[in-house]
There are 2 protein chains.
Amino acid sequence: MHNPDPTQSPRATRDLTAGEVLAPYLHARAADFLRGLRQHGESGADTSGADEAAGTLRAAARRISGSLHTFRPLLDTAWADQLRTELAWLSGTLAQEQACTSRLVRLMDALNRLAGGPGPVPAARGSESAGLTVGAARAGALLERQLTLARTRAHSAALQALGSSRFHALADAVALLASEVPLGPAGAAPAPEVLDASASVARRRLLDAVDALPLSRAAHPYNAEALALAGENQDAPWHHTRLLLRLHRYATEVTALGSEPDAPLYEAARALDRHRDAAEAAAAASAAARTPRIAPATAYALGVLHADQRHEVEAARFAFQRVWHTAAVPVP
Amino acid sequence: MHNPDPTQSPRATRDLTAGEVLAPYLHARAADFLRGLRQHGESGADTSGADEAAGTLRAAARRISGSLHTFRPLLDTAWADQLRTELAWLSGTLAQEQACTSRLVRLMDALNRLAGGPGPVPAARGSESAGLTVGAARAGALLERQLTLARTRAHSAALQALGSSRFHALADAVALLASEVPLGPAGAAPAPEVLDASASVARRRLLDAVDALPLSRAAHPYNAEALALAGENQDAPWHHTRLLLRLHRYATEVTALGSEPDAPLYEAARALDRHRDAAEAAAAASAAARTPRIAPATAYALGVLHADQRHEVEAARFAFQRVWHTAAVPVP
């Protein structure tokens with residue numbers, strides 16, 4: 001990590017007020033949100049169109065919400081807090097369906113890899129392999145049933161949310177945001193000073209969270225940390241770091257307008273996404289194993305799958321610590 | 001790996017015949033064997049003494065057998081082949097009991113690590129963890145039953161072997177070897193020339209076997225190669241390399257008398273031992289999961305355990321490739 005001169009800000013923001021930098025960013029994200037909403041209305045029975053629209057909506061909601069959080073001191077705080085609550089509700093509701101889909105894909109890919117790919121069991125494989133293949137097929141069917149049901153429920157919940165009066169009030173608030181941002185008094189202060197102060201709080205929180213992670217342990221490949229119960233209990237700080245890293249990235253989108261995105265930081269974020277996805281997939285495998293009256297072969301395959309995904313968690317921690325050291329996050 | 005001048009041999013062997021170098025080594029190993037045998041007879045009900053004596057016997061048998069194989073061209077080949085067959089029978093028989101013990105220890109350690117250590121389940125742990133802890137306890141009891149039974153059988157087989165007339169004939173042959181080595185015509189040739197030629201055949205076989213291993217794949221941590229079925233089918237070349245590395249190490253004990261043992265080579269050998277042990281432990285977990293009428297929670301814990309040990313296999317491959325590059329095995 002390098003530590004550039006903290007008085008240096010992108011040239012374009014030098015002579016503007018904080019509000020003049022933040023408002024266009026929020027206008028643009030609000031416009032994204034409304035575009036996603038329009039696309040969703042037009043998608044009808046086209047599920048890939050609806051998925052894309054939901055993705056656009058969620059990405060815009062995350063960025064608006066993150067900016068309201070990070071730059072709260074510049075804003076009308078009562079308004080910002082209320083809008084953030086509503087955006088969090090929407091994002092959470094919309095995220096479930098996609099999460100079920102990607103969890104199922106991740107678990108099916110892992111089962112295929114573990115059991116040696118789809119298709120019939122080659123005769124050359126011994127009884128051990130055949131046993132895992134049979135168990136894996138049953139485990140796959142069980143997971144597909146459970147996660148498809150969860151996805152259907154999430155889909156209904158999302159449709160219900162998008163038709164609710166709560167959502168219409170939120171959409172109205174975002175529509176207003178597309179043209180007007182309710183600033184507080186600090187919004188009139190010079191941009192570098194006030195924006196940087198808020199952004200460095202976000203950066204400080206991220207750096208503190210990363211400092212608290214067991215990175216030197218994660219740097220040892222095959223430390224077998226994540227599979228043990230103690231490792232599972234350690235997931236939370238990594239998940240929290242993932243959210244703080246996202247807030248930092250969104251803050252840099254506001255303050256470093258037009259500069260190149262930081263590739264290692266993006267890689268670090270992807271490693272933490274993978275960490276979260278693998279942890280949730282492992283939990284889904286574990287939950288499926290608690291289904292009453294399953295065959296031992298199914299439970300065995302779910303145990304293998306659970307351990308496989310916990311090793312993915314460990315691998316993601318390894319990947320994160322490796323890329324983090326190359327990420328340019330200036331110390332505030 | 002460096003490539004020293006192949007005409008350089010340890011000074012002490014320069015002016016001797018091959019037989020004059022090989023015979024004292026075989027005399028000493030035969031004496032070790034007889035000492036182990038005497039200890040075993042004296043150990044009576046002292047199991048740790050009996051284990052130590054069996055270890056001494058096996059180590060001596062492996063070294064005699066390895067030397068007879070590598071330096072076969074210098075020896076009376078009919079005699080050497082016959083003695084090797086008998087030593088292999090004895091080593092194989094004696095190895096089983098120790099293998100069962102260490103497999104059980106390895107699996108119990110892994111279960112304790114996975115389930116968060118022995119003792120009662122802390123209330124703070126969720127139902128997921130409690131489920132694994134219960135399953136792990138049952139899986140542990142099952143493995144203990146199965147491996148203790150196997151160990152008892154192996155113990156009886158070893159006692160029977162040591163009391164057999166086949167063993168007494170072998171002990172007589174080794175007693176003769178302690179004072180006289182049946183050499184062939186090449187035994188009278190100068191030591192550097194003939195010993196090096198035999199030792200380099202062993203070295204060449206080892207290097208070829210290592211070249212054929214997927215080392216660049218193993219160098220990527222978390223490649224998830226060993227857990228997949230394709231990975232299990234790939235164990236054999238690693239096991240074979242382990243045996244060739246042992247033959248090479250024993251050959252250097254003969255040719256490089258008095259020089260320091262090569263630490264990286266020893267580490268590489270230990271990585272391959274760990275590879276073999278983890279692969280066999282994984283197979284034992286898998287076999288236990290095929291016990292009829294086990295509870296799904298037990299099968300689940302055995303699946304986690306199997307995957308954990310297959311990751312140990314992957315970790316051992318990673319460790320081997322890392323240390324191998326620092327090992328000084330001259331290219332013949």
# chains A, B, ... in the order shown; residues from 1 in each chain; ligands from 1
call {"tool": "residues_around", "arguments": {"residues": "Leu132 (chain B)", "least_positions_apart": "4", "cutoff": "12 Å", "atoms": "only C-alpha atoms", "output": "ChimeraX atom specification"}}
result
/A:227-229,283,286-287,289-290,299,302-303,306-307 /B:111-117,121,125-128,136-140,296-305
call {"tool": "select_by_dssp", "arguments": {"residues": "region 116-301 of chain A", "states": "helix (DSSP H, G or I)", "output": "ChimeraX atom specification"}}
result
/A:127-162,165-177,185-188,191-211,215-218,229-232,235-255,263-289,296-301
call {"tool": "closest_residue", "arguments": {"among": "A:Asp262, A:Ala95, A:Val181, A:Ala209", "to": "Ala236 (chain A)", "atoms": "only C-alpha atoms"}}
result
A:Ala209
call {"tool": "residues_around", "arguments": {"residues": "region 186-188 of chain B", "least_positions_apart": "3", "cutoff": "10 Å", "atoms": "only C-alpha atoms", "output": "count of residues only"}}
result
20
call {"tool": "atom_distance", "arguments": {"atom1": "CA of Ser67 (chain A)", "atom2": "CA of Val254 (chain A)"}}
result
8.1 Å
